[in-house]
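Engineer: I'd like to ask you about the structure that follows.
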Amino acid sequence: MCGIAGVYKSPHAPEYAYFLIYSLQHRGQESVGISSCDGKEIYSVKKAGRVIEAIKQEDLEKLKGDMAIAHVRYSTAGNAGGVNAQPIVKETPLGKVAVVHNGNLVNFLSLRRELEAKGVKFEYSSDSELFLSLLGEDTYIPEGVNLHPEDRKILPYIFHVLRRVKGAYSVLYMIRDKLVAVRDPYGFRPLCVGRKGNTILFASESCAFEILEAEFWREIYSGEVFVVDKKGIRSYRAFKSPRKAMCVFEFVYFARPDSYIFGDWVYNVRKEMGRQLAREDDVKADVVIPVPDSGVVPALGYAEEKGIPFEYGLIRNHYVGRSFIEPTQELRNLRVLMKLSPNRAVLKGKRVVVIDDSLVRGTTSKRIITMLRRAGAKEVHLRIASPPVVGPCYYGIDTPTKEELIANRMSLEEIGTFIEADSLKYLSLEGLRKAVGNREEFCDACFSLNYPVEVEDLKLAKV
Ligand code: SF4
């Protein structure tokens with residue numbers, strides 16, 4: 001759970017990077033960082049907290065140069081807080097290099113132990129540092145790849161890194177006079193490229209380009225290495241995988257609804273999840289309400305399909321962060337009450353269907369249902385626009401451990417009783433797959449336990 005952005009060549013590169021990463025704030029709120037480069041030196045600012053509060057005008061003024069990369073972070077590996085903020089900048093055999101990473105490496109521990117045994121020192125506890133620590137270890141050119149003369153001094157080193165790391169990664173390297181964008185062969189995390197005049201922009205999601213009135217060009221393909229420098233743009237399809245495994249949870253919850261990722265509009269797919277849920281449901285109700293914000297789009301689909309009025313029965317206070325991505329349980333509970341308030345005008349005496357995007361721990365839903373009853377709802381039927389979450393994610397989304405997942409501890413009936421709903425229903429796995437067009441290109445392991453990439457570090461953890 002991170003957002004990344006990059007800018008190649010603009011006198012406003014640091015400011016552009018700031019606005020791009022600001023638009024990706026929903027992908028991580030623990031820390032933010034921007035690095036720029038003037039062809040000689042790399043300048044960085046990294047802070048804990050959110051973009052708007054953390055980065056000041058004077059910080060941007062310190063960032064020189066016409067290239068920049070930026071990052072917002074929510075920790076999936078390594079410590080939380082500002083300590084592992086990115087971009088990570090390191091002296092390497094190729095000079096000083098900056099990198100930003102969205103994803104999670106499944107062989108992080110084994111690689112790190114191997115490198116430490118060889119005397120390599122690590123400054124951070126996050127897996128992302130490996131993209132720099134492995135740089136210079138060796139070179140590699142994948143079969144069939146014809147390198148442009150401009151790329152011969154750098155790309156074989158990057159190809160070597162990519163040969164070594166396994167798992168989920170969308171990465172931007174700022175290296176000498178180049179920006180290099182990389183997406184893992186499974187395509188777990190999104191990464192998009194846009195244009196504003198002659199400036200090339202990168203962002204985790206296409207929604208970020210709107211803020212700069214820039215044009216969304218296309219997605220970086222899975223397994224693609226995309227280079228931009230003064231000689232132009234080059235693309236290499238260097239790494240192939242037996243299958244694609246784009247994260248379906250990006251569509252369920254994580255990505256912004258106005259983004260185009262994985263070959264589709266998040267809005268359309270999320271709405272279809274709601275429609276599909278409605279087709280699988282026979283409950284009678286007077287009103288459909290969403291848990292804002294991520295329940296809004298599926299609730300629209302559900303209400304349209306059922307022909308039941310859609311209303312705002314819960315009002316969100318926008319000055320609080322999203323509860324799902326707060327690290328401690330204590331804070332999460334408090335934040336639900338701070339964040340949502342019942343709208344008595346639409347609830348009193350009604351049979352209410354309340355739509356949420358996912359049900360992970362169950363504690364939030366319980367509080368919401370109590371809140372709706374207190375506000376006068378006659379019946380409360382909770383509908384979840386995704387299947388039960390039964391497995392943790394090892395590819396970059398912060399789902400809890402298997403034990404914490406409510407669907408692993410209780411039956412559907414027990415969950416319904418625990419959250420005190422009149423009824424509870426999830427979208428089926430088949431329904432979810434239908435909503436994404438039955439394309440066999442998605443990872444849905446947290447719902448199906450069908451993990452596309454073996455997690456080597458789990459074996460290591462058991463030793
Ligand atoms: S396990 Fe779930 S959250 Fe993780 S990549 Fe797969 S679909 Fe996404």
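Labels for the structure tokens follow display order: chains A, B, ..., residues from 1 in each chain, ligands from 1.
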Sorted by chain and rising residue number, list the residues of chain A at most 7 Å from ligand 1 (counting only C-alpha atoms and all ligand atoms), each with its closest atom pair and distance in Å to one decimal, as CSV.

Structural biologist:
residue,atom,partner,partner_atom_place_in_ligand_line,distance
A:Phe188,CA,ligand 1,5 (S),6.0
A:Met246,CA,ligand 1,5 (S),6.9
A:Cys247,CA,ligand 1,8 (Fe),3.7
A:Val248,CA,ligand 1,7 (S),4.6
A:Phe249,CA,ligand 1,8 (Fe),4.6
A:Glu250,CA,ligand 1,8 (Fe),6.6
A:Pro392,CA,ligand 1,1 (S),6.4
A:Cys393,CA,ligand 1,4 (Fe),3.9
A:Tyr394,CA,ligand 1,4 (Fe),5.9
A:Tyr395,CA,ligand 1,5 (S),4.9
A:Gly396,CA,ligand 1,4 (Fe),6.3
A:Ile397,CA,ligand 1,3 (S),5.1
A:Cys443,CA,ligand 1,6 (Fe),4.4
A:Asp444,CA,ligand 1,7 (S),3.8
A:Ala445,CA,ligand 1,1 (S),4.2
A:Cys446,CA,ligand 1,2 (Fe),4.0
A:Phe447,CA,ligand 1,2 (Fe),6.7
A:Tyr451,CA,ligand 1,1 (S),6.9

Engineer: Please, could you write that set of residues out with all heavy atoms as a tab-separated table (two decimals), in the first residue's frame?

Structural biologist:
chain	number	residue	atom	x	y	z
A	188	PHE	N	1.18	-7.06	-10.36
A	188	PHE	CA	0.38	-6.95	-9.13
A	188	PHE	C	-0.14	-5.53	-8.90
A	188	PHE	O	-1.30	-5.33	-8.61
A	188	PHE	CB	1.23	-7.34	-7.92
A	188	PHE	CG	1.31	-8.81	-7.68
A	188	PHE	CD1	2.45	-9.51	-8.00
A	188	PHE	CD2	0.24	-9.48	-7.10
A	188	PHE	CE1	2.53	-10.87	-7.77
A	188	PHE	CE2	0.31	-10.84	-6.87
A	188	PHE	CZ	1.46	-11.55	-7.20
A	246	MET	N	-2.86	-9.38	-11.40
A	246	MET	CA	-3.15	-8.01	-10.97
A	246	MET	C	-4.07	-8.09	-9.75
A	246	MET	O	-4.97	-8.92	-9.69
A	246	MET	CB	-3.82	-7.26	-12.11
A	246	MET	CG	-2.92	-7.24	-13.35
A	246	MET	SD	-3.63	-6.41	-14.78
A	246	MET	CE	-5.05	-7.39	-15.18
A	247	CYS	N	-3.82	-7.21	-8.80
A	247	CYS	CA	-4.49	-7.31	-7.50
A	247	CYS	C	-5.95	-6.88	-7.60
A	247	CYS	O	-6.25	-5.70	-7.79
A	247	CYS	CB	-3.76	-6.43	-6.49
A	247	CYS	SG	-4.68	-6.22	-4.97
A	248	VAL	N	-6.86	-7.80	-7.40
A	248	VAL	CA	-8.28	-7.49	-7.52
A	248	VAL	C	-8.75	-6.57	-6.39
A	248	VAL	O	-9.73	-5.84	-6.53
A	248	VAL	CB	-9.11	-8.80	-7.59
A	248	VAL	CG1	-9.38	-9.38	-6.23
A	248	VAL	CG2	-10.41	-8.58	-8.34
A	249	PHE	N	-7.99	-6.55	-5.29
A	249	PHE	CA	-8.34	-5.69	-4.16
A	249	PHE	C	-8.19	-4.21	-4.50
A	249	PHE	O	-8.81	-3.36	-3.88
A	249	PHE	CB	-7.48	-6.06	-2.94
A	249	PHE	CG	-8.21	-5.91	-1.63
A	249	PHE	CD1	-9.04	-6.92	-1.17
A	249	PHE	CD2	-8.09	-4.77	-0.87
A	249	PHE	CE1	-9.73	-6.79	0.02
A	249	PHE	CE2	-8.78	-4.62	0.33
A	249	PHE	CZ	-9.60	-5.64	0.77
A	250	GLU	N	-7.36	-3.92	-5.51
A	250	GLU	CA	-7.27	-2.54	-5.99
A	250	GLU	C	-8.64	-2.10	-6.50
A	250	GLU	O	-9.06	-0.96	-6.27
A	250	GLU	CB	-6.22	-2.42	-7.11
A	250	GLU	CG	-4.80	-2.69	-6.67
A	250	GLU	CD	-4.05	-1.43	-6.23
A	250	GLU	OE1	-4.60	-0.33	-6.31
A	250	GLU	OE2	-2.89	-1.58	-5.80
A	392	PRO	N	-4.19	-13.66	4.31
A	392	PRO	CA	-3.44	-12.40	4.29
A	392	PRO	C	-2.85	-12.14	2.91
A	392	PRO	O	-2.75	-13.05	2.09
A	392	PRO	CB	-2.33	-12.63	5.32
A	392	PRO	CG	-2.22	-14.10	5.48
A	392	PRO	CD	-3.51	-14.72	5.06
A	393	CYS	N	-2.46	-10.90	2.68
A	393	CYS	CA	-1.82	-10.54	1.41
A	393	CYS	C	-0.31	-10.49	1.64
A	393	CYS	O	0.15	-9.92	2.61
A	393	CYS	CB	-2.31	-9.19	0.94
A	393	CYS	SG	-1.47	-8.64	-0.56
A	394	TYR	N	0.44	-11.09	0.70
A	394	TYR	CA	1.90	-11.02	0.77
A	394	TYR	C	2.46	-10.12	-0.32
A	394	TYR	O	3.65	-10.11	-0.57
A	394	TYR	CB	2.50	-12.42	0.65
A	394	TYR	CG	1.99	-13.37	1.71
A	394	TYR	CD1	1.09	-14.38	1.38
A	394	TYR	CD2	2.38	-13.24	3.03
A	394	TYR	CE1	0.60	-15.24	2.35
A	394	TYR	CE2	1.89	-14.08	4.01
A	394	TYR	CZ	1.00	-15.08	3.66
A	394	TYR	OH	0.52	-15.92	4.62
A	395	TYR	N	1.56	-9.42	-1.02
A	395	TYR	CA	2.00	-8.70	-2.22
A	395	TYR	C	1.75	-7.20	-2.13
A	395	TYR	O	1.55	-6.54	-3.13
A	395	TYR	CB	1.30	-9.28	-3.46
A	395	TYR	CG	1.31	-10.78	-3.52
A	395	TYR	CD1	0.11	-11.51	-3.61
A	395	TYR	CD2	2.50	-11.50	-3.48
A	395	TYR	CE1	0.11	-12.89	-3.67
A	395	TYR	CE2	2.51	-12.88	-3.53
A	395	TYR	CZ	1.31	-13.57	-3.63
A	395	TYR	OH	1.31	-14.94	-3.67
A	396	GLY	N	1.69	-6.69	-0.89
A	396	GLY	CA	1.70	-5.23	-0.78
A	396	GLY	C	0.43	-4.57	-0.27
A	396	GLY	O	0.36	-3.35	-0.28
A	397	ILE	N	-0.56	-5.34	0.15
A	397	ILE	CA	-1.73	-4.72	0.78
A	397	ILE	C	-1.73	-5.15	2.25
A	397	ILE	O	-1.52	-6.33	2.55
A	397	ILE	CB	-3.06	-5.16	0.11
A	397	ILE	CG1	-3.11	-4.66	-1.33
A	397	ILE	CG2	-4.27	-4.67	0.91
A	397	ILE	CD1	-3.83	-3.37	-1.58
A	443	CYS	N	-5.05	-11.57	-9.35
A	443	CYS	CA	-4.81	-12.26	-8.09
A	443	CYS	C	-6.06	-12.02	-7.24
A	443	CYS	O	-6.51	-10.89	-7.11
A	443	CYS	CB	-3.60	-11.67	-7.38
A	443	CYS	SG	-3.39	-12.32	-5.70
A	444	ASP	N	-6.63	-13.11	-6.70
A	444	ASP	CA	-7.71	-12.94	-5.73
A	444	ASP	C	-7.43	-13.82	-4.51
A	444	ASP	O	-8.33	-14.35	-3.88
A	444	ASP	CB	-9.10	-13.21	-6.34
A	444	ASP	CG	-9.20	-14.55	-7.04
A	444	ASP	OD1	-8.44	-15.47	-6.68
A	444	ASP	OD2	-10.07	-14.68	-7.92
A	445	ALA	N	-6.12	-13.97	-4.21
A	445	ALA	CA	-5.69	-14.93	-3.20
A	445	ALA	C	-6.26	-14.66	-1.81
A	445	ALA	O	-6.51	-15.59	-1.05
A	445	ALA	CB	-4.17	-14.96	-3.14
A	446	CYS	N	-6.47	-13.39	-1.46
A	446	CYS	CA	-6.99	-13.14	-0.11
A	446	CYS	C	-8.45	-13.61	0.01
A	446	CYS	O	-8.95	-13.79	1.11
A	446	CYS	CB	-6.84	-11.68	0.28
A	446	CYS	SG	-7.42	-10.54	-0.95
A	447	PHE	N	-9.09	-13.85	-1.13
A	447	PHE	CA	-10.45	-14.41	-1.11
A	447	PHE	C	-10.46	-15.90	-1.43
A	447	PHE	O	-11.35	-16.62	-1.00
A	447	PHE	CB	-11.33	-13.70	-2.16
A	447	PHE	CG	-11.39	-12.21	-2.00
A	447	PHE	CD1	-10.90	-11.36	-2.99
A	447	PHE	CD2	-11.93	-11.64	-0.86
A	447	PHE	CE1	-10.96	-9.98	-2.86
A	447	PHE	CE2	-11.99	-10.25	-0.71
A	447	PHE	CZ	-11.50	-9.43	-1.70
A	451	TYR	N	-2.64	-18.48	-4.13
A	451	TYR	CA	-1.54	-17.51	-4.19
A	451	TYR	C	-0.71	-17.71	-5.46
A	451	TYR	O	-0.19	-18.80	-5.68
A	451	TYR	CB	-0.65	-17.64	-2.94
A	451	TYR	CG	-1.33	-17.10	-1.70
A	451	TYR	CD1	-2.00	-17.95	-0.83
A	451	TYR	CD2	-1.33	-15.74	-1.42
A	451	TYR	CE1	-2.65	-17.46	0.30
A	451	TYR	CE2	-1.97	-15.23	-0.31
A	451	TYR	CZ	-2.63	-16.09	0.55
A	451	TYR	OH	-3.28	-15.59	1.65

Engineer: So that I can see what lies close to Asp281 (chain A), please list as a ChimeraX atom specification the residues with an atom at most 12 Å from it, counting only C-alpha atoms and leaving out residues fewer than 5 positions away in the same chain.

Structural biologist: /A:274-276,302-303,305-306,353,381-385,423-428,431

Engineer: Excluding same-chain residues fewer than 3 positions from Ile52 (chain A), what lies within 10 Å of it counting only C-alpha atoms, as a list of chain:residue names?

Structural biologist: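 Skipping anything fewer than 3 positions along the chain leaves A:Tyr18, A:Phe19, A:Tyr22, A:Gln25, A:Val32, A:Gly49, A:Ile55, A:Lys56.
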
Engineer: Would you export the selected residues with N, CA, C and O atoms as a PDB file, in the first residue's frame, please?

Structural biologist:
ATOM      1  N   TYR A  18       4.995  16.775  -6.362  1.00  0.00           N
ATOM      2  CA  TYR A  18       4.189  17.068  -5.174  1.00  0.00           C
ATOM      3  C   TYR A  18       2.705  16.884  -5.484  1.00  0.00           C
ATOM      4  O   TYR A  18       1.977  16.224  -4.741  1.00  0.00           O
ATOM      5  N   PHE A  19       2.229  17.452  -6.600  1.00  0.00           N
ATOM      6  CA  PHE A  19       0.798  17.375  -6.907  1.00  0.00           C
ATOM      7  C   PHE A  19       0.385  15.946  -7.284  1.00  0.00           C
ATOM      8  O   PHE A  19      -0.705  15.492  -6.939  1.00  0.00           O
ATOM      9  N   TYR A  22       0.240  13.995  -4.090  1.00  0.00           N
ATOM     10  CA  TYR A  22      -0.914  14.472  -3.315  1.00  0.00           C
ATOM     11  C   TYR A  22      -2.187  13.758  -3.782  1.00  0.00           C
ATOM     12  O   TYR A  22      -3.033  13.372  -2.969  1.00  0.00           O
ATOM     13  N   GLN A  25      -2.654  10.249  -2.252  1.00  0.00           N
ATOM     14  CA  GLN A  25      -2.605  10.198  -0.783  1.00  0.00           C
ATOM     15  C   GLN A  25      -3.378   9.003  -0.219  1.00  0.00           C
ATOM     16  O   GLN A  25      -3.009   8.446   0.808  1.00  0.00           O
ATOM     17  N   VAL A  32       5.708  10.671   3.499  1.00  0.00           N
ATOM     18  CA  VAL A  32       5.781  11.172   2.126  1.00  0.00           C
ATOM     19  C   VAL A  32       7.215  11.596   1.851  1.00  0.00           C
ATOM     20  O   VAL A  32       7.919  12.044   2.762  1.00  0.00           O
ATOM     21  N   GLY A  49       3.775  11.603   7.975  1.00  0.00           N
ATOM     22  CA  GLY A  49       2.497  12.317   7.849  1.00  0.00           C
ATOM     23  C   GLY A  49       2.038  12.477   6.412  1.00  0.00           C
ATOM     24  O   GLY A  49       2.613  11.886   5.495  1.00  0.00           O
ATOM     25  N   ILE A  55       4.771  18.507   3.681  1.00  0.00           N
ATOM     26  CA  ILE A  55       5.678  19.171   2.730  1.00  0.00           C
ATOM     27  C   ILE A  55       5.327  20.655   2.613  1.00  0.00           C
ATOM     28  O   ILE A  55       4.221  21.015   2.245  1.00  0.00           O
ATOM     29  N   LYS A  56       6.303  21.474   2.929  1.00  0.00           N
ATOM     30  CA  LYS A  56       6.099  22.926   2.912  1.00  0.00           C
ATOM     31  C   LYS A  56       6.779  23.533   1.680  1.00  0.00           C
ATOM     32  O   LYS A  56       7.635  22.905   1.058  1.00  0.00           O
TER      33      LYS A  56
END

Engineer: I want to know what sits within 10 Å of region 120-137 of chain A, based on only C-alpha atoms, with residues of the same chain fewer than 2 positions away left out; could you give that as a ChimeraX atom specification?

Structural biologist: /A:75-80,83-109,111-118,139,154,156-162,164-165,169,171-173

Engineer: By how many Å are CA of Asp293 (chain A) and CA of Gly362 (chain A) apart?

Structural biologist: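 Atom-to-atom, CA of Asp293 (chain A) and CA of Gly362 (chain A) are spaced 17.3 Å apart.
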
Engineer: Taking into account only C-alpha atoms, which residue in the set A:Arg183, A:Arg163, A:Arg176, A:Arg73 is nearest to Asp38 (chain A)?

Structural biologist: A:Arg176

Engineer: A:Pro185, A:Gly65, A:Pro149, A:Gly28: which is nearest Pro11 (chain A), counting only C-alpha atoms?

Structural biologist: A:Gly65

Engineer: Choose the residue, out of A:Arg270, A:His148, A:Lys166, A:Arg218, that has the smallest atom-to-atom separation from Ile233 (chain A); count only C-alpha atoms.

Structural biologist: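 Among the listed residues, the smallest separation from Ile233 (chain A) belongs to A:His148.
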
Engineer: Quick one: DSSP strand (DSSP E or B) residues in region 305-399 of chain A, as a PyMOL selection string?

Structural biologist: chain A and resi 310+314-316+340-342+351-356+379-384

Engineer: In Å, with one decimal, what is the gap from CA of Val354 (chain A) to CA of Thr370 (chain A)?

Structural biologist: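 Between CA of Val354 (chain A) and CA of Thr370 (chain A) the gap works out to 12.3 Å.
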
Engineer: What separation in Å, quoted to one decimal, exists between CA of Val283 (chain A) and CA of Lys350 (chain A)?

Structural biologist: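 Rounded to one decimal, the two atoms are 13.4 Å apart.
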
Engineer: Give me, as a ChimeraX atom specification, all polymer residues having an atom no more than 12 Å from region 224-226 of chain A, counting only C-alpha atoms and skipping those fewer than 6 positions away in the same chain.

Structural biologist: /A:142,145,147,151,155-156,158-159,162,169-173,178-187,191-193,200-202,218,232-241

Engineer: So which one's closest to Tyr253 (chain A), A:Leu429, A:Val297, A:Val453, A:Ala435? Using only C-alpha atoms, please.

Structural biologist: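 Comparing A:Leu429, A:Val297, A:Val453, A:Ala435 against Tyr253 (chain A), the winner is A:Val297.
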
Engineer: Check region 166-352 of chain A with DSSP on the backbone and list each residue it calls alpha helix (DSSP H), as a ChimeraX atom specification.

Structural biologist: /A:207-210,248-249,266-279,296-306,329-339,344-347

Engineer: Would you mind listing what lies within 10 Å of Arg367 (chain A) as a list in words, with only C-alpha atoms counted and same-chain residues fewer than 6 positions away left out?

Structural biologist: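 Answer for this query is Asn333, Val336, Leu337, Leu340, Ile419 and Glu420 of chain A.
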
Engineer: Which residue, A:Pro290, A:Gly307, A:Pro190, A:Pro298, has the smallest gap to Ile261 (chain A) when you use only C-alpha atoms?

Structural biologist: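 Of A:Pro290, A:Gly307, A:Pro190, A:Pro298, the one nearest Ile261 (chain A), counting only C-alpha atoms, is A:Pro190.
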
Engineer: Go through A:Leu63, A:Leu347, A:Leu412, A:Leu432 one by one, measure the shortest atom-to-atom distance of each to Arg373 (chain A) using only C-alpha atoms, and give the residue with the smallest value.

Structural biologist: A:Leu347

Engineer: Neighbours of Ser10 (chain A) within 9 Å (only C-alpha atoms; same-chain residues fewer than 4 positions away dropped), as a PyMOL selection string?

Structural biologist: chain A and resi 14+16+65-67+198-200

Engineer: Using N, CA, C and O atoms, can you export the residues from the last selection as a PDB file, in the first residue's frame?

Structural biologist:
ATOM      1  N   PRO A  14       9.801  19.181  -9.172  1.00  0.00           N
ATOM      2  CA  PRO A  14       9.450  18.901  -7.773  1.00  0.00           C
ATOM      3  C   PRO A  14       7.993  19.244  -7.462  1.00  0.00           C
ATOM      4  O   PRO A  14       7.317  18.498  -6.763  1.00  0.00           O
ATOM      5  N   TYR A  16       5.456  19.370  -9.653  1.00  0.00           N
ATOM      6  CA  TYR A  16       4.610  18.372 -10.317  1.00  0.00           C
ATOM      7  C   TYR A  16       4.561  17.080  -9.483  1.00  0.00           C
ATOM      8  O   TYR A  16       3.506  16.473  -9.307  1.00  0.00           O
ATOM      9  N   GLY A  65      16.506  20.747  -9.873  1.00  0.00           N
ATOM     10  CA  GLY A  65      16.593  19.836 -11.001  1.00  0.00           C
ATOM     11  C   GLY A  65      15.286  19.686 -11.744  1.00  0.00           C
ATOM     12  O   GLY A  65      14.249  20.183 -11.314  1.00  0.00           O
ATOM     13  N   ASP A  66      15.370  18.974 -12.888  1.00  0.00           N
ATOM     14  CA  ASP A  66      14.178  18.839 -13.721  1.00  0.00           C
ATOM     15  C   ASP A  66      13.638  17.412 -13.784  1.00  0.00           C
ATOM     16  O   ASP A  66      12.818  17.075 -14.620  1.00  0.00           O
ATOM     17  N   MET A  67      14.126  16.561 -12.884  1.00  0.00           N
ATOM     18  CA  MET A  67      13.555  15.207 -12.739  1.00  0.00           C
ATOM     19  C   MET A  67      13.184  15.029 -11.271  1.00  0.00           C
ATOM     20  O   MET A  67      13.880  15.545 -10.394  1.00  0.00           O
ATOM     21  N   ASN A 198       5.905  18.194 -23.300  1.00  0.00           N
ATOM     22  CA  ASN A 198       7.041  17.297 -23.494  1.00  0.00           C
ATOM     23  C   ASN A 198       7.446  16.571 -22.210  1.00  0.00           C
ATOM     24  O   ASN A 198       8.429  15.842 -22.190  1.00  0.00           O
ATOM     25  N   THR A 199       6.714  16.811 -21.159  1.00  0.00           N
ATOM     26  CA  THR A 199       7.068  16.189 -19.873  1.00  0.00           C
ATOM     27  C   THR A 199       6.378  14.831 -19.739  1.00  0.00           C
ATOM     28  O   THR A 199       5.185  14.708 -20.007  1.00  0.00           O
ATOM     29  N   ILE A 200       7.162  13.837 -19.330  1.00  0.00           N
ATOM     30  CA  ILE A 200       6.614  12.492 -19.100  1.00  0.00           C
ATOM     31  C   ILE A 200       6.361  12.341 -17.602  1.00  0.00           C
ATOM     32  O   ILE A 200       7.219  12.666 -16.778  1.00  0.00           O
TER      33      ILE A 200
END
